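Engineer: Here it is: the structure, laid out below.
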Amino acid sequence: MSAHYKPRHFIDLDAFDTQTLNIILHTALRLKKYRSWRKDLHGKTLAMIFEKPSTRTRVSFEVAMKELGGETVVLSGKEMQLGHGESLGDTARVLSRFVQGLMIRTFEQSNLTEMAAHASIPVINGLTNFSHPCQVMADLMTALEKFKKLKGLEVAWCGDGNNNVLTSWMHAAGIFDFSIRIAAPASLAPDKETLKKAQAKANITTSDNLQTALKNADIVLTDTWVSMHDTNADERRKLLQPYQIDTAQMALAKSSAIFMHCLPAHRGEEVTDAVMDGAQSAVWDEAENRLHVQKAILLWCFRKI
Ligand code: CP
Ligand code: NVA
């Protein structure tokens with residue numbers, strides 16, 4: 001990376017314009033079609049720091065780098081000096097001397113932005129308590145494959161309204177001009193400031209009524225009731241019980257609707273087996289698309305697109 005350039009970080013979707021995200025999404029669609037097409041990341045190493053568990057994010061980034069000709073170093077926050085008192089800023093400065101890109105999965109959003117502020121290499125958000133933009137890029141790619149457009153889609157978000165995947169969906173709604181109806185218990189409603197900002201750019205409504213949100217939806221979305229950073233598991237499970245997506249709830253959406261879930265799913269909690277394994281489920285495409293869309297994100301971060 002030339003010292004003349006500010007690194008291209010991938011922190012949150014609301015920092016992007018429609019054109020840039022469209023370039024990334026359409027590159028991802030081509031990369032899926034021509035799987036071994038580009039080797040542009042030869043000589044580049046991506047370090048990945050995980051402070052929370054991961055299956056999809058870890059494997060998809062590792063395979064993405066390999067297929068693009070690059071390498072990865074996977075680090076656990078606990079085993080690094082970072083977990084024993086070294087500052088985020090110093091860690092970012094040091095890693096910037098060894099590798100060409102950094103992906104981090106962490107707790108507070110401020111951990112990520114602090115690393116980005118001190119890194120001279122691109123930093124990618126691999127999930128924080130606040131947002132999960134790589135996931136939602138894969139979701140948008142999946143929606144594009146199914147509906148050939150994003151504009152005008154009606155999205156129903158069901159269950160946990162205070163959720164990192166939902167934050168990135170709300171950011172995307174303003175960029176691609178689709179609507180979101182959020183159904184969540186009042187005590188798990190979206191964070192007020194995040195919601196207000198998103199509502200300034202997109203048609204986003206909230207209520208505690210699942211059926212109203214689902215009616216005529218194109219996309220039915222849910223997530224685990226207990227995220228990795230959540231502490232009140234029992235209380236959440238009790239509050240969210242009425243928000244389970246089963247075949248009767250799916251039937252309220254359009255007959256062409258798809259079901260999406262970032263995974264890991266807790267079958268029998270937020271979603272039934274019948275919906276997960278049913279004809280409307282897009283969850284496996286959604287998971288696969290993490291690989292293709294993250295390749296495109298990496299190419300963007302490394303200024304190859
Ligand atoms: N959806 C997602 O990010 O999965 P992992 O936690 O397995 O990475
Ligand atoms: N909301 C979930 C997403 C997991 C990919 C969590 O943060 O645990």
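Scheme for the structure tokens: letters A, B, ... for chains in order shown; per-chain residue numbers from 1; ligand numbers from 1 in order shown.
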So that I can check the surroundings of Val94 (chain A), please list as a CSV table (one decimal) with N, CA and C atoms, in the first residue's frame every protein, DNA and RNA residue that reaches within 10 Å of it, counting only C-alpha atoms and ignoring chain neighbours fewer than 5 positions away.

Structural biologist:
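Output file around.csv follows:
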chain,number,residue,atom,x,y,z
A,89,GLY,N,-4.3,0.5,19.6
A,89,GLY,CA,-3.6,1.4,18.6
A,89,GLY,C,-2.2,0.8,18.4
A,99,VAL,N,1.6,-7.1,7.8
A,99,VAL,CA,0.6,-7.6,6.9
A,99,VAL,C,0.0,-6.5,6.1
A,118,HIS,N,-5.5,3.8,13.8
A,118,HIS,CA,-4.1,3.7,14.0
A,118,HIS,C,-3.4,2.7,12.9
A,119,ALA,N,-4.2,2.1,12.1
A,119,ALA,CA,-3.7,1.2,11.1
A,119,ALA,C,-3.3,2.0,9.8
A,120,SER,N,-2.2,1.6,9.2
A,120,SER,CA,-1.9,2.2,7.9
A,120,SER,C,-2.3,1.2,6.8

Engineer: Counting only C-alpha atoms, what is within 8 Å of Lys295 (chain A), bar same-chain residues fewer than 6 positions away, as a list in words?

Structural biologist: Ala28, Leu31, Phe61, Ala64, Met65 and Leu68 of chain A

Engineer: Would you list the contacts of region 11-27 of chain A as number ranges by chain, taking every protein, DNA or RNA residue within 10 Å and counting only C-alpha atoms, but skipping same-chain residues closer than 2 positions in sequence?

Structural biologist: A: 8-9, 29-33, 103, 109, 112-113, 116, 122-128, 130-134, 136-138, 140-142, 144, 167-177, 197-198, 292-300, 305

Engineer: I need the residues in region 203-251 of chain A that are strand (DSSP E or B) according to DSSP; give them as a PyMOL selection string.

Structural biologist: chain A and resi 204-207+219-222+245

Engineer: Find the distance between CA of Pro264 (chain A) and CA of Leu221 (chain A) and write it in Å to one decimal.

Structural biologist: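 Separation of CA of Pro264 (chain A) and CA of Leu221 (chain A): 13.3 Å.
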
Engineer: Skip Asp273 (chain A) itself and residues of its chain fewer than 5 positions away, then list as a list in words all residues within 10 Å of it, counting only C-alpha atoms.

Structural biologist: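 My list of contacting residues is Ile245, Asp246, Thr247, Ala265, His266, Arg267, Gly268 and Gly278 of chain A.
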
Engineer: I need the residues from that last selection saved to file as a PDB file, in the first residue's frame (with N, CA and C atoms), if you can.

Structural biologist:
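Ended up saving to selection-v9.pdb:
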ATOM      1  N   ILE A 245     -40.228 -17.885  13.795  1.00  0.00           N
ATOM      2  CA  ILE A 245     -40.710 -17.991  12.403  1.00  0.00           C
ATOM      3  C   ILE A 245     -40.962 -19.473  12.103  1.00  0.00           C
ATOM      4  N   ASP A 246     -42.259 -19.776  11.928  1.00  0.00           N
ATOM      5  CA  ASP A 246     -42.657 -21.138  11.531  1.00  0.00           C
ATOM      6  C   ASP A 246     -43.383 -21.037  10.181  1.00  0.00           C
ATOM      7  N   THR A 247     -43.882 -22.150   9.679  1.00  0.00           N
ATOM      8  CA  THR A 247     -44.490 -22.112   8.335  1.00  0.00           C
ATOM      9  C   THR A 247     -45.730 -21.217   8.301  1.00  0.00           C
ATOM     10  N   ALA A 265     -27.972 -20.684  13.293  1.00  0.00           N
ATOM     11  CA  ALA A 265     -29.376 -20.691  13.710  1.00  0.00           C
ATOM     12  C   ALA A 265     -29.539 -21.569  14.941  1.00  0.00           C
ATOM     13  N   HIS A 266     -30.517 -21.239  15.740  1.00  0.00           N
ATOM     14  CA  HIS A 266     -30.898 -22.089  16.880  1.00  0.00           C
ATOM     15  C   HIS A 266     -32.257 -22.653  16.526  1.00  0.00           C
ATOM     16  N   ARG A 267     -32.214 -23.792  15.831  1.00  0.00           N
ATOM     17  CA  ARG A 267     -33.443 -24.426  15.357  1.00  0.00           C
ATOM     18  C   ARG A 267     -34.347 -24.729  16.546  1.00  0.00           C
ATOM     19  N   GLY A 268     -35.634 -24.401  16.372  1.00  0.00           N
ATOM     20  CA  GLY A 268     -36.577 -24.614  17.475  1.00  0.00           C
ATOM     21  C   GLY A 268     -36.695 -23.393  18.372  1.00  0.00           C
ATOM     22  N   GLY A 278     -37.054 -25.486   4.328  1.00  0.00           N
ATOM     23  CA  GLY A 278     -38.163 -25.370   3.374  1.00  0.00           C
ATOM     24  C   GLY A 278     -37.745 -24.739   2.055  1.00  0.00           C
TER      25      GLY A 278
END

Engineer: Region 83-126 of chain A: which residues are alpha helix (DSSP H) by DSSP, as a PyMOL selection string?

Structural biologist: chain A and resi 88-98+109-118
